[in-house]
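Peer 1: Hey, dropping input-v3.cif in here, mmCIF, C-alpha atoms and all ligand atoms:
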data_final
#
loop_
_atom_site.group_PDB
_atom_site.id
_atom_site.type_symbol
_atom_site.label_atom_id
_atom_site.label_comp_id
_atom_site.auth_asym_id
_atom_site.auth_seq_id
_atom_site.Cartn_x
_atom_site.Cartn_y
_atom_site.Cartn_z
ATOM 1 C CA MET A 1 112.983 89.711 164.059
ATOM 2 C CA LYS A 2 114.978 86.581 163.326
ATOM 3 C CA LYS A 3 113.363 83.786 161.404
ATOM 4 C CA GLY A 4 113.564 81.443 164.369
ATOM 5 C CA ASP A 5 111.627 83.934 166.456
ATOM 6 C CA ALA A 6 108.967 84.353 163.801
ATOM 7 C CA ALA A 7 108.564 80.619 163.490
ATOM 8 C CA LEU A 8 108.347 80.247 167.238
ATOM 9 C CA ILE A 9 105.617 82.846 167.458
ATOM 10 C CA VAL A 10 103.614 81.130 164.736
ATOM 11 C CA LEU A 11 104.064 77.866 166.554
ATOM 12 C CA MET A 12 102.991 79.307 169.899
ATOM 13 C CA VAL A 13 99.951 81.013 168.432
ATOM 14 C CA ALA A 14 98.984 77.805 166.705
ATOM 15 C CA ALA A 15 99.565 75.838 169.881
ATOM 16 C CA CYS A 16 97.496 78.107 172.050
ATOM 17 C CA CYS A 17 94.620 78.574 169.727
ATOM 18 C CA PHE A 18 93.863 75.469 167.841
ATOM 19 C CA LEU A 19 95.811 72.666 169.078
ATOM 20 C CA SER A 20 95.961 69.459 170.867
ATOM 21 C CA HIS A 21 98.647 67.497 169.108
ATOM 22 C CA VAL A 22 101.932 69.414 169.224
ATOM 23 C CA LYS A 23 105.402 68.182 169.790
ATOM 24 C CA ALA A 24 107.207 71.445 169.459
ATOM 25 C CA ASP A 25 110.665 69.960 169.471
ATOM 26 C CA GLU A 26 110.131 67.517 166.655
ATOM 27 C CA ILE A 27 111.928 68.398 163.434
ATOM 28 C CA PHE A 28 111.150 66.915 160.045
ATOM 29 C CA ILE A 29 112.653 67.483 156.627
ATOM 30 C CA ALA A 30 110.432 68.793 153.875
ATOM 31 C CA GLY A 31 111.248 68.551 150.202
ATOM 32 C CA PHE A 32 108.958 68.979 147.258
ATOM 33 C CA THR A 33 107.920 67.343 144.065
ATOM 34 C CA ASN A 34 107.477 69.041 140.714
ATOM 35 C CA LYS A 35 105.117 66.359 139.593
ATOM 36 C CA PRO A 36 101.505 66.687 140.593
ATOM 37 C CA PHE A 37 100.313 64.117 143.083
ATOM 38 C CA SER A 38 98.384 62.357 140.332
ATOM 39 C CA ARG A 39 97.830 59.104 142.248
ATOM 40 C CA THR A 40 97.829 59.098 145.998
ATOM 41 C CA SER A 41 97.457 56.396 148.604
ATOM 42 C CA CYS A 42 94.592 58.368 150.172
ATOM 43 C CA PHE A 43 92.535 59.604 147.269
ATOM 44 C CA GLY A 44 93.598 57.669 144.175
ATOM 45 C CA GLU A 45 93.240 59.947 141.172
ATOM 46 C CA GLU A 46 91.048 62.500 142.923
ATOM 47 C CA ASN A 47 92.716 65.926 142.831
ATOM 48 C CA LYS A 48 92.992 67.645 146.209
ATOM 49 C CA GLY A 49 94.438 70.896 144.863
ATOM 50 C CA ASN A 50 97.912 72.404 144.736
ATOM 51 C CA LYS A 51 98.631 72.564 148.474
ATOM 52 C CA VAL A 52 99.127 68.947 149.447
ATOM 53 C CA VAL A 53 101.690 66.795 151.224
ATOM 54 C CA GLY A 54 102.914 63.216 151.181
ATOM 55 C CA LEU A 55 104.528 61.745 154.301
ATOM 56 C CA SER A 56 107.077 59.005 154.725
ATOM 57 C CA GLY A 57 105.759 56.038 156.665
ATOM 58 C CA SER A 58 107.735 57.029 159.755
ATOM 59 C CA THR A 59 106.579 60.653 159.621
ATOM 60 C CA TRP A 60 103.001 59.483 159.162
ATOM 61 C CA ASP A 61 103.214 57.315 162.268
ATOM 62 C CA ASP A 62 105.093 59.906 164.341
ATOM 63 C CA ILE A 63 102.566 62.649 163.815
ATOM 64 C CA GLY A 64 99.461 60.477 163.792
ATOM 65 C CA ALA A 65 98.466 61.412 160.262
ATOM 66 C CA GLU A 66 95.144 60.667 158.619
ATOM 67 C CA CYS A 67 94.108 61.068 155.011
ATOM 68 C CA GLY A 68 92.577 64.484 154.360
ATOM 69 C CA LYS A 69 93.723 66.097 157.627
ATOM 70 C CA LYS A 70 95.146 69.591 157.356
ATOM 71 C CA LEU A 71 98.757 69.998 158.381
ATOM 72 C CA ARG A 72 100.417 73.347 159.046
ATOM 73 C CA VAL A 73 104.057 73.028 157.962
ATOM 74 C CA ILE A 74 106.352 75.629 159.506
ATOM 75 C CA CYS A 75 109.688 76.452 157.883
ATOM 76 C CA MET A 76 112.509 76.320 160.450
ATOM 77 C CA GLY A 77 115.717 76.701 158.425
ATOM 78 C CA PRO A 78 118.351 74.875 156.415
ATOM 79 C CA VAL A 79 118.874 71.131 156.681
ATOM 80 C CA SER A 80 122.662 71.487 156.614
ATOM 81 C CA PRO A 81 124.933 74.425 157.535
ATOM 82 C CA ASP A 82 126.395 74.693 154.016
ATOM 83 C CA GLN A 83 122.973 75.143 152.459
ATOM 84 C CA THR A 84 122.816 78.666 151.010
ATOM 85 C CA LYS A 85 119.052 78.966 150.582
ATOM 86 C CA ASP A 86 116.320 77.943 152.949
ATOM 87 C CA CYS A 87 113.154 79.633 154.233
ATOM 88 C CA ASN A 88 112.006 82.634 152.184
ATOM 89 C CA LEU A 89 111.802 85.298 154.863
ATOM 90 C CA SER A 90 109.771 87.632 152.644
ATOM 91 C CA SER A 91 107.131 85.003 152.397
ATOM 92 C CA SER A 92 104.904 83.150 154.837
ATOM 93 C CA THR A 93 106.528 81.180 157.661
ATOM 94 C CA TYR A 94 104.024 78.370 157.274
ATOM 95 C CA VAL A 95 101.740 76.737 154.766
ATOM 96 C CA ASP A 96 98.613 74.646 155.339
ATOM 97 C CA VAL A 97 98.476 71.477 153.286
ATOM 98 C CA ILE A 98 96.190 68.464 152.990
ATOM 99 C CA VAL A 99 97.611 65.021 153.741
ATOM 100 C CA VAL A 100 97.159 62.934 150.599
ATOM 101 C CA ASN A 101 99.847 60.291 150.513
ATOM 102 C CA ARG A 102 101.774 57.828 152.622
ATOM 103 C CA CYS A 103 105.063 56.809 151.041
ATOM 104 C CA GLU A 104 106.658 53.636 152.383
ATOM 105 C CA ASP A 105 109.806 54.073 150.267
ATOM 106 C CA CYS A 106 110.469 57.646 151.386
ATOM 107 C CA GLU A 107 113.304 58.496 153.727
ATOM 108 C CA ASP A 108 112.373 58.377 157.421
ATOM 109 C CA GLY A 109 111.391 61.712 158.946
ATOM 110 C CA THR A 110 110.606 63.393 155.659
ATOM 111 C CA MET A 111 107.605 64.869 153.968
ATOM 112 C CA LYS A 112 107.091 65.871 150.368
ATOM 113 C CA LEU A 113 105.197 69.043 149.655
ATOM 114 C CA SER A 114 103.627 70.004 146.365
ATOM 115 C CA LYS A 115 105.749 72.640 144.636
ATOM 116 C CA ASP A 116 103.237 75.443 145.248
ATOM 117 C CA ALA A 117 103.218 74.672 148.956
ATOM 118 C CA PHE A 118 107.003 74.481 149.244
ATOM 119 C CA GLU A 119 107.456 77.784 147.405
ATOM 120 C CA GLU A 120 105.142 79.483 149.839
ATOM 121 C CA ILE A 121 107.613 78.955 152.698
ATOM 122 C CA ALA A 122 111.027 78.396 151.104
ATOM 123 C CA TYR A 123 113.154 79.063 148.071
ATOM 124 C CA GLU A 124 112.848 76.429 145.398
ATOM 125 C CA GLU A 125 116.681 76.292 145.204
ATOM 126 C CA ALA A 126 116.749 75.152 148.825
ATOM 127 C CA HIS A 127 115.306 71.771 147.755
ATOM 128 C CA ARG A 128 114.925 70.743 151.405
ATOM 129 C CA VAL A 129 114.274 72.614 154.638
ATOM 130 C CA LYS A 130 113.780 71.741 158.265
ATOM 131 C CA VAL A 131 110.167 72.028 159.347
ATOM 132 C CA GLN A 132 107.921 71.604 162.335
ATOM 133 C CA TYR A 133 104.189 71.044 162.213
ATOM 134 C CA VAL A 134 100.886 71.542 163.912
ATOM 135 C CA TRP A 135 97.489 70.090 163.000
ATOM 136 C CA VAL A 136 94.847 72.603 162.068
ATOM 137 C CA PRO A 137 91.113 71.936 162.176
HETATM 138 C C1 LIG B 201 109.938 85.089 148.374
HETATM 139 O O1 LIG B 201 108.639 85.431 148.817
HETATM 140 C C2 LIG B 201 108.103 86.588 148.207
HETATM 141 C C3 LIG B 201 106.780 86.900 148.897
HETATM 142 O O2 LIG B 201 105.872 85.821 148.769
HETATM 143 C C4 LIG B 201 107.948 86.345 146.721
HETATM 144 O O3 LIG B 201 107.424 87.499 146.083
HETATM 145 C C5 LIG B 201 109.311 86.003 146.129
HETATM 146 O O4 LIG B 201 109.161 85.673 144.758
HETATM 147 C C6 LIG B 201 109.927 84.831 146.880
HETATM 148 N N1 LIG B 201 111.280 84.637 146.374
HETATM 149 C C7 LIG B 201 111.636 83.563 145.659
HETATM 150 C C8 LIG B 201 113.023 83.607 145.083
HETATM 151 O O5 LIG B 201 110.918 82.602 145.488
#
What do you get writing this file as structure tokens?
Ligand SMILES: *[C@@H]1O[C@H](CO)[C@@H](O)[C@H](O)[C@H]1NC(C)=O

Peer 2:
Amino acid sequence: MKKGDAALIVLMVAACCFLSHVKADEIFIAGFTNKPFSRTSCFGEENKGNKVVGLSGSTWDDIGAECGKKLRVICMGPVSPDQTKDCNLSSSTYVDVIVVNRCEDCEDGTMKLSKDAFEEIAYEEAHRVKVQYVWVP
């Protein structure tokens, strides 16, 4: 099975079974941060664990984010054709993360995963991957 197929299946299952808000064609770029999210716009210094995500202002608005909502981030492939590493196919196709931060300075259309979350779907050396999303209850 190709990775695109696997991702599509995950997306369809998610769409059928839990979802209202899906725009299946919308692609975002996910990177990660090594630093813990020690201060967030949503929760201040409260620690929400090691599977969290910060969204650029535009991503936040596009997907109708809210603090504390759970986002399923699905790895879709490399950001550019010359990228040698992207989704880790031996690993999970998606990761569920809690929305903790809105970043006004971040590049439009991006999200920043905690390192543990990023490594669950992609190789660290990839630095950035294309992703899609669904909300999970
Ligand atoms: C890819 O995923 C597998 C399964 O989770 C993991 O054991 C492996 O370390 C990952 N590879 C890299 C280079 O991160």

Peer 1: So that I can see what lies close to Cys87 of chain A, please list as a list in words the residues with an atom at most 10 Å from it, counting all atoms listed in the file and leaving out residues fewer than 2 positions away in the same chain.

Peer 2: Lys3, Ile74, Cys75, Met76, Gly77, Pro78, Lys85, Leu89, Ser90, Ser91, Ser92, Thr93, Tyr94, Phe118, Glu119, Glu120, Ile121, Ala122, Tyr123, Glu124, Ala126, Arg128, Val129, Lys130 and Val131 of chain A

Peer 1: With distances taken over all atoms listed in the file, which residue among A:Phe43, A:Gly49, A:Gly57, A:Lys35 lies nearest Glu104 of chain A?

Peer 2: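 Nearest candidate to Glu104 of chain A out of A:Phe43, A:Gly49, A:Gly57, A:Lys35: A:Gly57.
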
Peer 1: Between atom CA of Phe37 of chain A and atom CA of Lys112 of chain A, what is the distance, to one decimal in Å?

Peer 2: 10.1 Å

Peer 1: Between A:Ile29, A:Val134, A:Val73, A:Ile98, which has the minimum distance to Val52 of chain A (counting only C-alpha atoms)?

Peer 2: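 Smallest separation from Val52 of chain A among the options: A:Ile98.
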
Peer 1: Using Å and a single decimal, report how far atom CA of Asp62 of chain A sits from atom CA of Asp82 of chain A.

Peer 2: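 Between these atoms lies a distance of 27.9 Å.
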
Peer 1: Which one is closest to ligand LIG 201 (chain B): A:Met111, A:Val95, A:Val53, A:Val136? Count all atoms listed in the file.

Peer 2: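 Ranking A:Met111, A:Val95, A:Val53, A:Val136 by distance to ligand LIG 201 (chain B), first place goes to A:Val95.
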
Peer 1: Nearest to Glu26 of chain A: which of A:Ile63, A:Val79, A:Lys115, A:Asn50 is it, counting only C-alpha atoms?

Peer 2: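 Smallest distance to Glu26 of chain A is found for A:Ile63.
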
Peer 1: Closest to Pro137 of chain A among A:Arg72, A:Asn47, A:Cys106, A:Pro36, using all atoms listed in the file?

Peer 2: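 Distance minimum relative to Pro137 of chain A lands on A:Arg72.
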
Peer 1: Which residue is closest to ligand LIG 201 (chain B)? Choose from A:Asp116, A:Thr33, A:Trp135, A:Gln83 and count only C-alpha atoms and all ligand atoms.

Peer 2: A:Asp116

Peer 1: Just give me the gap between atom CA of Glu45 of chain A and atom CA of Lys70 of chain A in Å, one decimal is fine.

Peer 2: 18.9 Å

Peer 1: Let me have the centre and edge lengths in Å, one decimal, of the box along x, y and z around every listed atom of ligand LIG 201 (chain B) with 5 Å of margin on each side, as AutoDock Vina command-line options.

Peer 2:
--center_x 109.4 --center_y 85.1 --center_z 146.8 --size_x 17.2 --size_y 14.9 --size_z 14.1

Peer 1: Contacts of Asp105 of chain A at 12 Å or less, counting only C-alpha atoms, minus same-chain residues fewer than 5 places along, as a list of chain:residue names?

Peer 2: A:Gly54, A:Leu55, A:Ser56, A:Gly57, A:Ser58, A:Thr59, A:Thr110, A:Met111

Peer 1: Using the chain letters and numbering of this document, enumerate as a list in words the residues selected by the PyMOL selection byres (((chain A and resi 101) around 6) and not hetatm).

Peer 2: Thr40, Ser41, Cys42, Gly54, Val100 and Arg102 of chain A
